[in-house]
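Trainee: Enclosed is the structure file coords01.txt (compact mmCIF, C-alpha atoms (C1' of nucleotides)).
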# COMPACT_ATOMS: atom_id res chain seq x y z
CA MET A 44 -13.52 14.69 -25.53
CA SER A 45 -10.40 16.61 -26.52
CA GLU A 46 -7.32 15.02 -28.00
CA GLN A 47 -5.43 15.83 -24.82
CA ASP A 48 -8.02 14.22 -22.56
CA LEU A 49 -7.99 11.17 -24.77
CA THR A 50 -4.25 10.58 -24.49
CA THR A 51 -4.32 11.22 -20.77
CA LEU A 52 -7.07 8.67 -20.39
CA VAL A 53 -5.23 6.11 -22.49
CA GLN A 54 -2.12 6.64 -20.38
CA PHE A 55 -4.12 6.08 -17.25
CA PHE A 56 -5.69 2.87 -18.50
CA LYS A 57 -2.30 1.65 -19.72
CA ALA A 58 -0.85 2.26 -16.29
CA LEU A 59 -3.41 0.00 -14.66
CA ALA A 60 -3.68 -2.52 -17.49
CA ASN A 61 -1.04 -4.72 -15.97
CA GLU A 62 -1.27 -7.31 -13.25
CA SER A 63 1.92 -6.29 -11.48
CA ARG A 64 1.03 -2.62 -11.38
CA LEU A 65 -2.47 -3.37 -10.18
CA LYS A 66 -1.00 -5.43 -7.37
CA LEU A 67 1.35 -2.58 -6.56
CA VAL A 68 -1.56 -0.22 -6.22
CA GLY A 69 -3.27 -2.77 -4.00
CA ALA A 70 -0.23 -3.18 -1.79
CA LEU A 71 0.24 0.58 -1.52
CA ALA A 72 -3.42 1.13 -0.73
CA GLN A 73 -2.70 -0.09 2.78
CA GLN A 74 0.46 1.85 3.53
CA GLU A 75 3.70 3.15 2.12
CA ARG A 76 6.30 0.54 1.29
CA SER A 77 9.91 0.25 0.19
CA VAL A 78 10.93 -1.16 -3.19
CA GLU A 79 12.50 -4.20 -1.56
CA GLU A 80 9.34 -4.88 0.37
CA LEU A 81 7.16 -4.57 -2.72
CA ALA A 82 9.49 -6.84 -4.66
CA SER A 83 9.13 -9.52 -2.03
CA ILE A 84 5.36 -9.16 -1.86
CA LEU A 85 4.92 -9.38 -5.64
CA GLU A 86 7.68 -11.96 -6.02
CA LEU A 87 9.51 -9.89 -8.60
CA LYS A 88 13.07 -8.57 -8.81
CA GLU A 89 13.66 -5.06 -7.59
CA PRO A 90 14.53 -3.55 -10.98
CA THR A 91 11.19 -4.78 -12.28
CA VAL A 92 9.33 -3.16 -9.44
CA SER A 93 11.33 0.00 -9.92
CA HIS A 94 10.33 0.00 -13.57
CA HIS A 95 6.64 -0.26 -12.74
CA LEU A 96 6.82 2.33 -9.98
CA SER A 97 8.44 4.81 -12.34
CA LYS A 98 5.49 4.43 -14.69
CA LEU A 99 2.99 5.02 -11.92
CA LYS A 100 5.08 7.93 -10.69
CA LYS A 101 5.14 9.59 -14.09
CA LEU A 102 1.35 9.70 -13.97
CA GLN A 103 1.47 10.96 -10.40
CA LEU A 104 -0.49 8.01 -9.13
CA VAL A 105 2.24 7.35 -6.57
CA HIS A 106 4.86 9.52 -4.90
CA MET A 107 8.14 8.74 -3.23
CA ARG A 108 9.79 9.66 0.05
CA VAL A 109 13.48 9.06 0.65
CA GLU A 110 14.80 7.91 4.01
CA GLY A 111 18.44 6.94 4.06
CA ASN A 112 18.91 4.32 1.39
CA THR A 113 15.28 3.39 1.43
CA HIS A 114 12.74 4.80 -0.99
CA TYR A 115 9.23 4.66 0.36
CA TYR A 116 6.45 4.77 -2.20
CA TYR A 117 2.91 5.75 -1.35
CA LEU A 118 -0.33 6.06 -3.26
CA ASP A 119 -1.91 9.31 -4.35
CA LEU A 120 -5.48 8.29 -3.61
CA ASP A 121 -6.86 11.65 -4.72
CA ALA A 122 -5.24 11.42 -8.13
CA LEU A 123 -6.46 7.86 -8.50
CA GLN A 124 -10.04 8.72 -7.66
CA ALA A 125 -10.01 11.82 -9.82
CA MET A 126 -8.91 9.69 -12.76
CA GLN A 127 -11.56 7.10 -12.10
CA LYS A 128 -14.24 9.73 -12.00
CA ALA A 129 -12.93 11.18 -15.24
CA THR A 130 -13.38 7.83 -16.96
CA LEU A 131 -16.97 7.65 -15.84
CA THR A 132 -17.84 10.84 -17.67
CA ALA A 133 -15.36 10.73 -20.53
CA THR A 134 -16.48 7.41 -21.95
CA GLN A 135 -20.05 8.60 -22.09
CA VAL A 136 -19.47 12.03 -23.51
CA ALA A 137 -20.62 12.36 -27.07
CA GLN A 138 -18.18 13.42 -29.73
CA PRO A 139 -20.62 15.16 -32.04
CA VAL A 140 -18.27 15.19 -34.99
CA SER A 141 -18.32 11.46 -35.61
CA GLU A 142 -21.52 11.44 -37.56
CA ASP A 143 -20.51 14.28 -39.84
CA ILE A 144 -17.25 12.58 -40.71
CA TRP A 145 -19.05 9.56 -42.07
CA GLU A 146 -21.74 11.52 -43.90
CA THR A 147 -19.20 13.81 -45.48
CA LYS A 148 -17.23 10.88 -46.71
CA VAL A 149 -20.24 9.21 -48.27
CA LEU A 150 -21.36 12.45 -49.90
CA ASN A 151 -17.90 13.04 -51.32
CA SER A 152 -17.83 9.68 -52.98
CA PHE A 153 -21.31 9.82 -54.53
CA VAL A 154 -21.80 13.53 -55.22
CA GLU A 155 -19.57 15.87 -57.18
CA ASN A 156 -20.33 19.49 -58.04
CA ASP A 157 -23.90 19.13 -56.87
CA VAL A 158 -24.40 16.19 -59.21
CA ILE A 159 -25.15 12.66 -58.03
CA LYS A 160 -22.69 10.39 -59.79
CA GLU A 161 -24.37 7.18 -58.73
CA ILE A 162 -27.01 6.06 -56.28
CA PRO A 163 -25.51 3.91 -53.51
CA ALA A 164 -26.75 0.35 -53.38
CA SER A 165 -26.74 0.12 -49.61
CA ARG A 166 -29.67 1.67 -47.76
CA LYS A 167 -27.33 3.16 -45.20
CA LYS A 168 -25.52 5.28 -47.79
CA ARG A 169 -28.57 5.93 -49.95
CA ARG A 170 -30.24 7.52 -46.98
CA ILE A 171 -27.39 9.98 -46.61
CA ILE A 172 -27.61 11.04 -50.25
CA LEU A 173 -31.38 11.46 -50.03
CA LYS A 174 -31.04 13.47 -46.85
CA TRP A 175 -28.69 15.79 -48.68
CA LEU A 176 -31.15 16.04 -51.57
CA ALA A 177 -34.16 16.66 -49.36
CA GLN A 178 -32.46 19.63 -47.78
CA LYS A 179 -32.63 21.39 -51.14
CA PHE A 180 -36.35 21.89 -50.67
CA GLU A 181 -37.93 24.43 -48.37
CA LEU A 182 -40.16 23.21 -45.60
CA GLU A 183 -43.23 25.41 -45.97
CA ARG A 184 -43.39 25.33 -49.73
CA LEU A 185 -45.51 23.13 -52.03
CA TYR A 186 -43.80 21.67 -55.09
CA PRO A 187 -45.83 20.51 -58.10
CA GLU A 188 -44.29 17.40 -59.63
CA GLN A 189 -43.06 19.31 -62.64
CA GLU A 190 -41.18 21.84 -60.51
CA LEU A 191 -39.69 19.03 -58.42
CA ASN A 192 -38.42 17.40 -61.59
CA GLN A 193 -36.82 20.61 -62.80
CA ILE A 194 -34.86 20.86 -59.56
CA ILE A 195 -33.83 17.22 -59.46
CA LYS A 196 -32.99 16.73 -63.13
CA PRO A 197 -29.63 18.61 -63.17
CA ILE A 198 -28.66 16.67 -60.05
CA TYR A 199 -29.63 13.26 -61.35
CA PRO A 200 -31.48 12.54 -64.60
CA ASP A 201 -33.64 9.68 -63.34
CA THR A 202 -36.10 11.90 -61.47
CA ALA A 203 -38.71 9.17 -61.05
CA THR A 204 -36.41 7.00 -58.96
CA LEU A 205 -35.45 9.84 -56.66
CA ARG A 206 -39.06 10.98 -56.24
CA ARG A 207 -40.02 7.48 -55.25
CA GLU A 208 -37.12 7.18 -52.82
CA LEU A 209 -37.83 10.53 -51.19
CA VAL A 210 -41.42 9.51 -50.56
CA GLY A 211 -40.32 6.04 -49.47
CA TYR A 212 -38.12 7.45 -46.72
CA ASN A 213 -40.96 9.87 -45.92
CA MET A 214 -38.63 12.77 -46.48
CA MET A 215 -41.30 14.25 -48.76
CA GLN A 216 -45.04 13.75 -48.82
CA ARG A 217 -47.13 13.60 -51.96
CA GLU A 218 -50.76 14.54 -52.41
CA ASP A 219 -52.42 14.90 -55.84
CA SER A 220 -49.02 15.24 -57.53
CA ILE A 221 -48.04 18.05 -55.14
CA TYR A 222 -44.95 17.44 -53.00
CA GLN A 223 -43.95 18.91 -49.65
CA ARG A 224 -40.90 18.38 -47.49
CA VAL A 225 -41.46 16.54 -44.20
CA LEU A 226 -39.92 17.52 -40.85
CA GLU A 227 -36.79 15.46 -40.21
CA THR A 228 -38.22 14.05 -37.01
CA ASN A 229 -40.87 12.24 -39.06
CA TRP A 230 -38.54 10.60 -41.55
CA ARG A 231 -38.75 6.85 -41.70
CA MET A 232 -36.09 5.07 -39.64
CA ASP A 233 -37.21 1.44 -39.98
CA SER A 234 -34.62 -1.16 -40.73
CA ASN A 235 -36.12 -1.39 -44.23
CA TYR A 236 -35.24 2.23 -44.96
CA MET B 256 -9.31 -8.73 -4.17
CA SER B 257 -9.47 -12.27 -5.47
CA GLU B 258 -7.28 -13.61 -8.23
CA GLN B 259 -10.31 -13.78 -10.49
CA ASP B 260 -11.30 -10.19 -9.87
CA LEU B 261 -7.76 -9.10 -10.54
CA THR B 262 -7.56 -10.69 -13.97
CA THR B 263 -10.99 -9.39 -14.89
CA LEU B 264 -9.93 -5.92 -13.91
CA VAL B 265 -6.68 -6.17 -15.88
CA GLN B 266 -8.66 -7.33 -18.91
CA PHE B 267 -10.97 -4.38 -18.58
CA PHE B 268 -8.15 -1.86 -18.34
CA LYS B 269 -6.38 -3.50 -21.27
CA ALA B 270 -9.50 -3.17 -23.34
CA LEU B 271 -9.63 0.56 -22.79
CA ALA B 272 -5.87 1.15 -22.77
CA ASN B 273 -5.81 1.86 -26.47
CA GLU B 274 -6.58 5.02 -28.36
CA SER B 275 -8.53 3.31 -31.12
CA ARG B 276 -10.73 1.35 -28.77
CA LEU B 277 -11.37 4.37 -26.61
CA LYS B 278 -12.47 6.25 -29.71
CA LEU B 279 -14.71 3.34 -30.63
CA VAL B 280 -16.39 3.52 -27.27
CA GLY B 281 -16.81 7.25 -27.76
CA ALA B 282 -18.33 6.83 -31.20
CA LEU B 283 -20.68 4.12 -29.99
CA ALA B 284 -21.74 6.17 -26.99
CA GLN B 285 -23.90 8.20 -29.33
CA GLN B 286 -25.56 5.42 -31.30
CA GLU B 287 -25.05 2.06 -32.91
CA ARG B 288 -22.82 1.99 -35.97
CA SER B 289 -21.64 -0.36 -38.71
CA VAL B 290 -18.05 -1.50 -39.03
CA GLU B 291 -17.63 0.44 -42.24
CA GLU B 292 -18.90 3.59 -40.60
CA LEU B 293 -16.60 3.18 -37.63
CA ALA B 294 -13.65 2.55 -39.91
CA SER B 295 -14.31 5.79 -41.72
CA ILE B 296 -14.73 7.75 -38.50
CA LEU B 297 -11.51 6.41 -36.96
CA GLU B 298 -9.65 6.45 -40.28
CA LEU B 299 -8.67 2.82 -39.99
CA LYS B 300 -9.15 -0.19 -42.25
CA GLU B 301 -12.14 -2.39 -41.56
CA PRO B 302 -10.18 -5.45 -40.44
CA THR B 303 -8.50 -3.33 -37.80
CA VAL B 304 -11.82 -2.08 -36.49
CA SER B 305 -13.16 -5.61 -36.56
CA HIS B 306 -10.18 -6.71 -34.50
CA HIS B 307 -10.82 -4.07 -31.85
CA LEU B 308 -14.54 -4.69 -31.74
CA SER B 309 -13.98 -8.38 -31.17
CA LYS B 310 -11.90 -7.54 -28.10
CA LEU B 311 -14.59 -5.26 -26.73
CA LYS B 312 -17.20 -7.86 -27.54
CA LYS B 313 -15.35 -10.60 -25.69
CA LEU B 314 -15.59 -8.47 -22.55
CA GLN B 315 -19.25 -7.76 -23.28
CA LEU B 316 -18.65 -4.04 -23.44
CA VAL B 317 -20.34 -3.98 -26.86
CA HIS B 318 -22.88 -6.17 -28.60
CA MET B 319 -23.75 -6.71 -32.24
CA ARG B 320 -26.90 -6.77 -34.27
CA VAL B 321 -26.98 -8.17 -37.81
CA GLU B 322 -29.02 -6.59 -40.56
CA GLY B 323 -28.41 -7.96 -44.02
CA ASN B 324 -24.70 -7.65 -44.67
CA THR B 325 -24.32 -4.94 -42.13
CA HIS B 326 -23.19 -5.59 -38.57
CA TYR B 327 -24.33 -2.89 -36.19
CA TYR B 328 -22.36 -2.57 -32.98
CA TYR B 329 -23.70 -0.88 -29.90
CA LEU B 330 -22.39 -0.11 -26.44
CA ASP B 331 -23.38 -1.96 -23.28
CA LEU B 332 -23.50 1.09 -21.07
CA ASP B 333 -24.50 -0.92 -18.02
CA ALA B 334 -21.53 -3.25 -18.30
CA LEU B 335 -19.23 -0.28 -18.78
CA GLN B 336 -20.50 1.55 -15.75
CA ALA B 337 -20.48 -1.59 -13.63
CA MET B 338 -16.84 -2.09 -14.50
CA GLN B 339 -15.97 1.48 -13.71
CA LYS B 340 -17.61 1.26 -10.34
CA ALA B 341 -15.73 -1.96 -9.68
CA THR B 342 -12.43 -0.20 -10.23
CA LEU B 343 -13.34 2.45 -7.72
CA THR B 344 -13.68 -0.06 -4.95
CA ALA B 345 -11.17 -2.67 -6.07
CA THR B 346 -8.17 -0.39 -6.15
CA GLN B 347 -8.87 0.74 -2.63
CA VAL B 348 -9.58 -2.61 -1.10
CA ALA B 349 -6.84 -3.78 1.23
CA GLN B 350 -5.21 -7.12 0.61
CA PRO B 351 -4.31 -7.93 4.19
CA VAL B 352 -1.84 -10.64 3.24
CA SER B 353 0.77 -8.32 1.77
CA GLU B 354 2.34 -7.35 5.05
CA ASP B 355 2.61 -10.90 6.30
CA ILE B 356 4.39 -12.01 3.15
CA TRP B 357 7.16 -9.52 3.72
CA GLU B 358 7.49 -10.13 7.44
CA THR B 359 7.55 -13.88 6.99
CA LYS B 360 10.28 -13.57 4.44
CA VAL B 361 12.43 -11.40 6.68
CA LEU B 362 11.89 -13.70 9.64
CA ASN B 363 12.81 -16.73 7.60
CA SER B 364 16.09 -15.24 6.56
CA PHE B 365 17.18 -14.01 10.00
CA VAL B 366 15.64 -16.54 12.35
CA GLU B 367 15.97 -20.31 12.31
CA ASN B 368 14.62 -22.75 14.90
CA ASP B 369 13.73 -19.90 17.22
CA VAL B 370 17.32 -18.65 17.10
CA ILE B 371 18.34 -15.29 15.69
CA LYS B 372 21.15 -15.98 13.22
CA GLU B 373 22.07 -12.34 12.77
CA ILE B 374 20.61 -8.95 13.54
CA PRO B 375 19.60 -7.11 10.37
CA ALA B 376 21.49 -3.91 9.67
CA SER B 377 18.50 -2.05 8.29
CA ARG B 378 16.00 -0.58 10.73
CA LYS B 379 13.12 -1.83 8.64
CA LYS B 380 14.10 -5.46 9.02
CA ARG B 381 15.43 -5.11 12.55
CA ARG B 382 12.04 -3.88 13.61
CA ILE B 383 10.41 -7.04 12.30
CA ILE B 384 12.80 -9.27 14.22
CA LEU B 385 12.24 -7.29 17.41
CA LYS B 386 8.52 -7.43 16.96
CA TRP B 387 8.78 -11.19 16.76
CA LEU B 388 10.93 -11.22 19.86
CA ALA B 389 8.65 -8.90 21.83
CA GLN B 390 5.72 -11.21 21.26
CA LYS B 391 7.47 -13.82 23.38
CA PHE B 392 6.67 -11.78 26.48
CA GLU B 393 3.28 -11.57 28.11
CA LEU B 394 1.65 -8.21 28.40
CA GLU B 395 0.59 -8.11 32.03
CA ARG B 396 3.70 -9.65 33.45
CA LEU B 397 6.76 -7.97 34.98
CA TYR B 398 10.17 -9.37 33.97
CA PRO B 399 13.23 -8.74 36.16
CA GLU B 400 16.32 -8.19 34.02
CA GLN B 401 17.73 -11.56 34.93
CA GLU B 402 14.61 -13.41 33.79
CA LEU B 403 14.57 -11.42 30.60
CA ASN B 404 18.14 -12.47 29.92
CA GLN B 405 17.34 -16.12 30.50
CA ILE B 406 14.62 -15.98 27.90
CA ILE B 407 16.63 -14.05 25.33
CA LYS B 408 19.95 -15.82 25.72
CA PRO B 409 19.03 -19.07 23.86
CA ILE B 410 17.60 -16.91 21.09
CA TYR B 411 20.60 -14.62 20.78
CA PRO B 412 23.62 -14.53 23.10
CA ASP B 413 24.13 -10.75 23.10
CA THR B 414 21.24 -10.01 25.44
CA ALA B 415 22.38 -6.47 26.18
CA THR B 416 21.96 -5.37 22.59
CA LEU B 417 18.50 -6.82 22.30
CA ARG B 418 17.38 -5.35 25.62
CA ARG B 419 18.56 -1.93 24.46
CA GLU B 420 16.82 -2.30 21.11
CA LEU B 421 13.52 -3.44 22.65
CA VAL B 422 13.49 -0.40 24.89
CA GLY B 423 14.60 1.84 22.01
CA TYR B 424 11.61 0.84 19.91
CA ASN B 425 9.49 1.19 23.05
CA MET B 426 8.34 -2.37 22.67
CA MET B 427 9.29 -2.88 26.30
CA GLN B 428 9.52 -0.43 29.16
CA ARG B 429 12.13 -0.54 31.89
CA GLU B 430 11.83 0.72 35.45
CA ASP B 431 14.38 -0.12 38.16
CA SER B 432 15.67 -3.08 36.13
CA ILE B 433 12.15 -4.47 35.81
CA TYR B 434 10.83 -4.85 32.25
CA GLN B 435 7.28 -4.93 30.93
CA ARG B 436 5.92 -5.35 27.45
CA VAL B 437 4.24 -2.29 25.91
CA LEU B 438 1.00 -2.33 23.92
CA GLU B 439 1.76 -2.44 20.20
CA THR B 440 -0.12 0.80 19.58
CA ASN B 441 2.50 2.62 21.65
CA TRP B 442 5.58 1.28 19.88
CA ARG B 443 7.84 3.89 18.37
CA MET B 444 7.24 4.49 14.64
CA ASP B 445 9.58 7.45 14.02
CA SER B 446 11.77 7.39 11.00
CA ASN B 447 14.73 6.85 13.36
CA TYR B 448 13.29 3.53 14.50
C1' DG C 268 -26.81 -18.64 -60.40
C1' DA C 269 -23.44 -14.71 -61.02
C1' DT C 270 -22.05 -10.63 -59.06
C1' DC C 271 -21.55 -7.29 -55.50
C1' DT C 272 -21.06 -5.75 -50.66
C1' DA C 273 -19.81 -5.84 -45.68
C1' DA C 274 -17.52 -8.24 -42.54
C1' DT C 275 -14.41 -11.50 -40.76
C1' DT C 276 -10.29 -14.45 -40.73
C1' DA C 277 -5.45 -15.43 -41.91
C1' DG C 278 -0.88 -14.06 -42.20
C1' DA C 279 2.91 -10.72 -41.98
C1' DT C 280 5.39 -6.89 -39.93
C1' DA C 281 6.86 -3.57 -36.81
C1' DC C 282 6.44 -1.59 -32.30
C1' DT C 283 5.89 -1.86 -27.49
C1' DT C 284 6.94 -3.69 -23.07
C1' DA C 285 7.58 -6.94 -18.88
C1' DT C 286 11.12 -9.21 -17.05
C1' DC C 287 15.71 -10.61 -16.04
C1' DT C 288 21.00 -9.95 -15.09
C1' DA C 289 24.76 -6.82 -14.75
C1' DA C 290 26.54 -2.32 -13.84
C1' DT C 291 26.15 2.02 -11.50
C1' DT C 292 24.83 5.43 -8.02
C1' DA C 293 24.12 7.27 -3.46
C1' DG C 294 23.72 6.90 1.21
C1' DA C 295 24.94 4.42 5.86
C1' DA C 296 27.82 2.04 8.85
C1' DG C 297 31.96 0.39 10.50
C1' DC D 88 37.99 5.84 3.67
C1' DT D 89 36.33 1.41 2.80
C1' DT D 90 32.57 -1.59 2.78
C1' DC D 91 27.78 -2.60 2.64
C1' DT D 92 22.95 -1.82 1.27
C1' DA D 93 18.88 -0.19 -1.44
C1' DA D 94 17.68 1.58 -5.49
C1' DT D 95 18.10 2.87 -10.15
C1' DT D 96 19.84 2.58 -14.89
C1' DA D 97 21.52 -0.06 -18.92
C1' DG D 98 21.10 -3.71 -21.95
C1' DA D 99 19.10 -8.01 -23.64
C1' DT D 100 15.33 -11.07 -24.62
C1' DA D 101 10.94 -12.76 -25.31
C1' DA D 102 6.08 -12.09 -25.51
C1' DG D 103 2.23 -9.39 -26.95
C1' DT D 104 -0.33 -6.58 -30.18
C1' DA D 105 -1.96 -2.82 -33.57
C1' DT D 106 -2.04 -2.41 -38.12
C1' DC D 107 -1.95 -3.58 -42.85
C1' DT D 108 -2.98 -6.57 -47.28
C1' DA D 109 -4.92 -10.71 -49.09
C1' DA D 110 -8.20 -14.38 -48.83
C1' DT D 111 -12.62 -16.07 -47.30
C1' DT D 112 -17.44 -16.06 -45.84
C1' DA D 113 -22.26 -14.82 -45.94
C1' DG D 114 -25.88 -12.20 -47.38
C1' DA D 115 -28.24 -9.18 -50.97
C1' DT D 116 -29.09 -7.84 -55.60
C1' DC D 117 -29.59 -8.30 -60.41
Once more with this new file: its structure as structure tokens, please.

Mentor:
Amino acid sequence: MSEQDLTTLVQFFKALANESRLKLVGALAQQERSVEELASILELKEPTVSHHLSKLKKLQLVHMRVEGNTHYYYLDLDALQAMQKATLTATQVAQPVSEDIWETKVLNSFVENDVIKEIPASRKKRRIILKWLAQKFELERLYPEQELNQIIKPIYPDTATLRRELVGYNMMQREDSIYQRVLETNWRMDSNY
Amino acid sequence: MSEQDLTTLVQFFKALANESRLKLVGALAQQERSVEELASILELKEPTVSHHLSKLKKLQLVHMRVEGNTHYYYLDLDALQAMQKATLTATQVAQPVSEDIWETKVLNSFVENDVIKEIPASRKKRRIILKWLAQKFELERLYPEQELNQIIKPIYPDTATLRRELVGYNMMQREDSIYQRVLETNWRMDSNY
DNA sequence: GATCTAATTAGATACTTATCTAATTAGAAG
DNA sequence: CTTCTAATTAGATAAGTATCTAATTAGATC
């Protein structure tokens, strides 16, 4: 969802997020009407109605036709329906950047120059750090424990803890002191990890 | 559209008529997220996010799941879509009372005790008075001019004007000084009447 | 049990806006 | 050309609300 679409959508919702304007739309759904007429139907003063109509007009949800002194307003049903359809899709559309924003922020605060400053206490954040660490290992390759340690040590001295965590999240598998990276789809997602 | 539906609809639009909340919905469309995470994605403080989430929660557009200290919020896609569908129909639904409100008001101000106090200057209002007057005549019946006058006179002394107006709007037809009421569907609707 | 973490609640501020009355504009009618 | 009518614009007020910081709660960790 682009920035432009977002503001347009907000404007649209704002336009209808008001009892008087919603009633106006309802009254105009039947037929065109003058300002005076609308004021009497809604039991509001004419300037107030004029104010609301100008907002709807700015969004092209209504249009106006002049006849003598009378201004007849009518609904743009197409515009209205187009907007409503747009909301159906827009609110469901993924914005794939969201996740990265969060992960980047967590990484920035716990990693500096490829060195882990501190291991986050919360599982949520720890998982992000470990994910970052796991990606340093190739998928096909087998890593003896000693080699694993050599890679991890400059990143974080307590290699034992990280080894244990990596296996715990099932980001790496261990067999006879030989480690191998696991496909991301198989990583543990339980609430305990 | 009932009063209840109207307020519900206004509440719904209000909930989405805000950039932050719309972004929240977008972020939650992908997956559930913690308050902290959402705050970092939207670049807002946590209390602010909490405030917005509580509004969405009150309308049941999102729900929450607790896990330790973390509160995970997730979208109620069904509720969202149901609401959106409701708007599609609601804004188009006629509220058949609107017209009567206006007509009644005009009648009240120009007619009293079945007597026309004054003939409105504006065509719009004049038409309403004449419509009321025309309904005093039966459809099938033929009215000689003299009988017509007898009926109109107690309502408004200047019978000539009213006769002319009724014919002008094509609410009544005249042939050899005999008048007959015209079916409403054939009344003149031009901008000059 | 003391400390830490994530979230909520309370309170304050600044911005928006719905509504009214009064003033102004523009067209119609006498 | 003066008067009347419908609508808009201007200006004022009051209500609502998005956001922040500070304080509080509740759960987890050491």

Trainee: Counting only C-alpha atoms (C1' of nucleotides), which residues from chain A have an atom at most 10 Å from any atom of chain D, and could you show them as a ChimeraX atom specification?

Mentor: /A:77-79,89-90,93-94,111-114,164-165

Trainee: Would you put the residues from that selection into a file with C-alpha atoms, as a PDB file, in the frame of the given file?

Mentor:
ATOM      1  CA  SER A  77       9.910   0.250   0.190  1.00  0.00           C
ATOM      2  CA  VAL A  78      10.930  -1.160  -3.190  1.00  0.00           C
ATOM      3  CA  GLU A  79      12.500  -4.200  -1.560  1.00  0.00           C
ATOM      4  CA  GLU A  89      13.660  -5.060  -7.590  1.00  0.00           C
ATOM      5  CA  PRO A  90      14.530  -3.550 -10.980  1.00  0.00           C
ATOM      6  CA  SER A  93      11.330   0.000  -9.920  1.00  0.00           C
ATOM      7  CA  HIS A  94      10.330   0.000 -13.570  1.00  0.00           C
ATOM      8  CA  GLY A 111      18.440   6.940   4.060  1.00  0.00           C
ATOM      9  CA  ASN A 112      18.910   4.320   1.390  1.00  0.00           C
ATOM     10  CA  THR A 113      15.280   3.390   1.430  1.00  0.00           C
ATOM     11  CA  HIS A 114      12.740   4.800  -0.990  1.00  0.00           C
ATOM     12  CA  ALA A 164     -26.750   0.350 -53.380  1.00  0.00           C
ATOM     13  CA  SER A 165     -26.740   0.120 -49.610  1.00  0.00           C
TER      14      SER A 165
END

Trainee: Might you pull out every residue within 9 Å of Phe267 of chain B, with all atoms listed in the file counted and same-chain residues fewer than 6 positions away left off, and present them as a ChimeraX atom specification?

Mentor: /A:56,60 /B:311,314,338

Trainee: Just to confirm, what's the straight-line distance from atom CA of Leu271 of chain B to atom CA of Tyr117 of chain A in Å (one decimal)?

Mentor: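 Going from atom CA of Leu271 of chain B over to atom CA of Tyr117 of chain A, I get 25.4 Å.
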
Trainee: So the first atom is atom CA of Leu403 of chain B and the second is atom C1' of DG297 of chain C; what is the distance between them in Å, to one decimal place?

Mentor: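 Interatomic distance, atom CA of Leu403 of chain B to atom C1' of DG297 of chain C: 29.1 Å.
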
Trainee: Could you work out which residues of chain C fall inside 12 Å of chain A? Count only C-alpha atoms (C1' of nucleotides), and format the result as number ranges by chain.

Mentor: C: 271-273, 283-289, 292-296

Trainee: Excluding segment 153-155 of chain A and any residue of its chain fewer than 6 positions from it, enumerate the residues within 12 Å of it, using only C-alpha atoms (C1' of nucleotides), and give them as a short mmCIF file (atom, residue, chain, number, x, y, z; two decimals) with C-alpha atoms, in the coordinates of the input.

Mentor:
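In the end it all went to selection-v3.cif:
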data_model
loop_
_atom_site.label_atom_id
_atom_site.label_comp_id
_atom_site.auth_asym_id
_atom_site.auth_seq_id
_atom_site.Cartn_x
_atom_site.Cartn_y
_atom_site.Cartn_z
CA GLU A 146 -21.74 11.52 -43.90
CA THR A 147 -19.20 13.81 -45.48
CA GLU A 161 -24.37 7.18 -58.73
CA ILE A 162 -27.01 6.06 -56.28
CA PRO A 163 -25.51 3.91 -53.51
CA ALA A 164 -26.75 0.35 -53.38
CA LYS A 168 -25.52 5.28 -47.79
CA ARG A 169 -28.57 5.93 -49.95
CA ARG A 170 -30.24 7.52 -46.98
CA ILE A 171 -27.39 9.98 -46.61
CA ILE A 172 -27.61 11.04 -50.25
CA LEU A 173 -31.38 11.46 -50.03
CA TRP A 175 -28.69 15.79 -48.68
CA LEU A 176 -31.15 16.04 -51.57
CA ILE A 198 -28.66 16.67 -60.05
CA TYR A 199 -29.63 13.26 -61.35
#

Trainee: Give the padded box for segment 97-110 of chain D as AutoDock Vina command-line options: axis-aligned, covering all atoms listed in the file, 3 Å on each side, centre and edge lengths in Å to one decimal.

Mentor:
--center_x 6.7 --center_y -7.2 --center_z -34.0 --size_x 35.7 --size_y 20.3 --size_z 36.2

Trainee: Could you tell me which of A:Arg217, A:Arg231, A:Lys167, A:Lys160 comes closest to chain B if we count all atoms listed in the file?

Mentor: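 Once distances to chain B are computed over all atoms listed in the file, the minimum belongs to A:Lys167.
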
Trainee: Please list as a ChimeraX atom specification every residue within 10 Å of segment 123-125 of chain A, counting all atoms listed in the file and excluding residues in the same chain fewer than 6 positions away.

Mentor: /A:55,68,102-105 /B:342-344,346-347

Trainee: Given the choices B:Trp442, B:Trp357, B:Tyr424, B:Tyr327, which gets closest to chain A if the distance is worked out from only C-alpha atoms?

Mentor: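 Once distances to chain A are computed over only C-alpha atoms, the minimum belongs to B:Trp357.
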
Trainee: Just the number, please: distance in Å from atom CA of Ile406 of chain B to atom CA of Ile356 of chain B, one decimal.

Mentor: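 Calculated distance between atom CA of Ile406 of chain B and atom CA of Ile356 of chain B is 27.1 Å.
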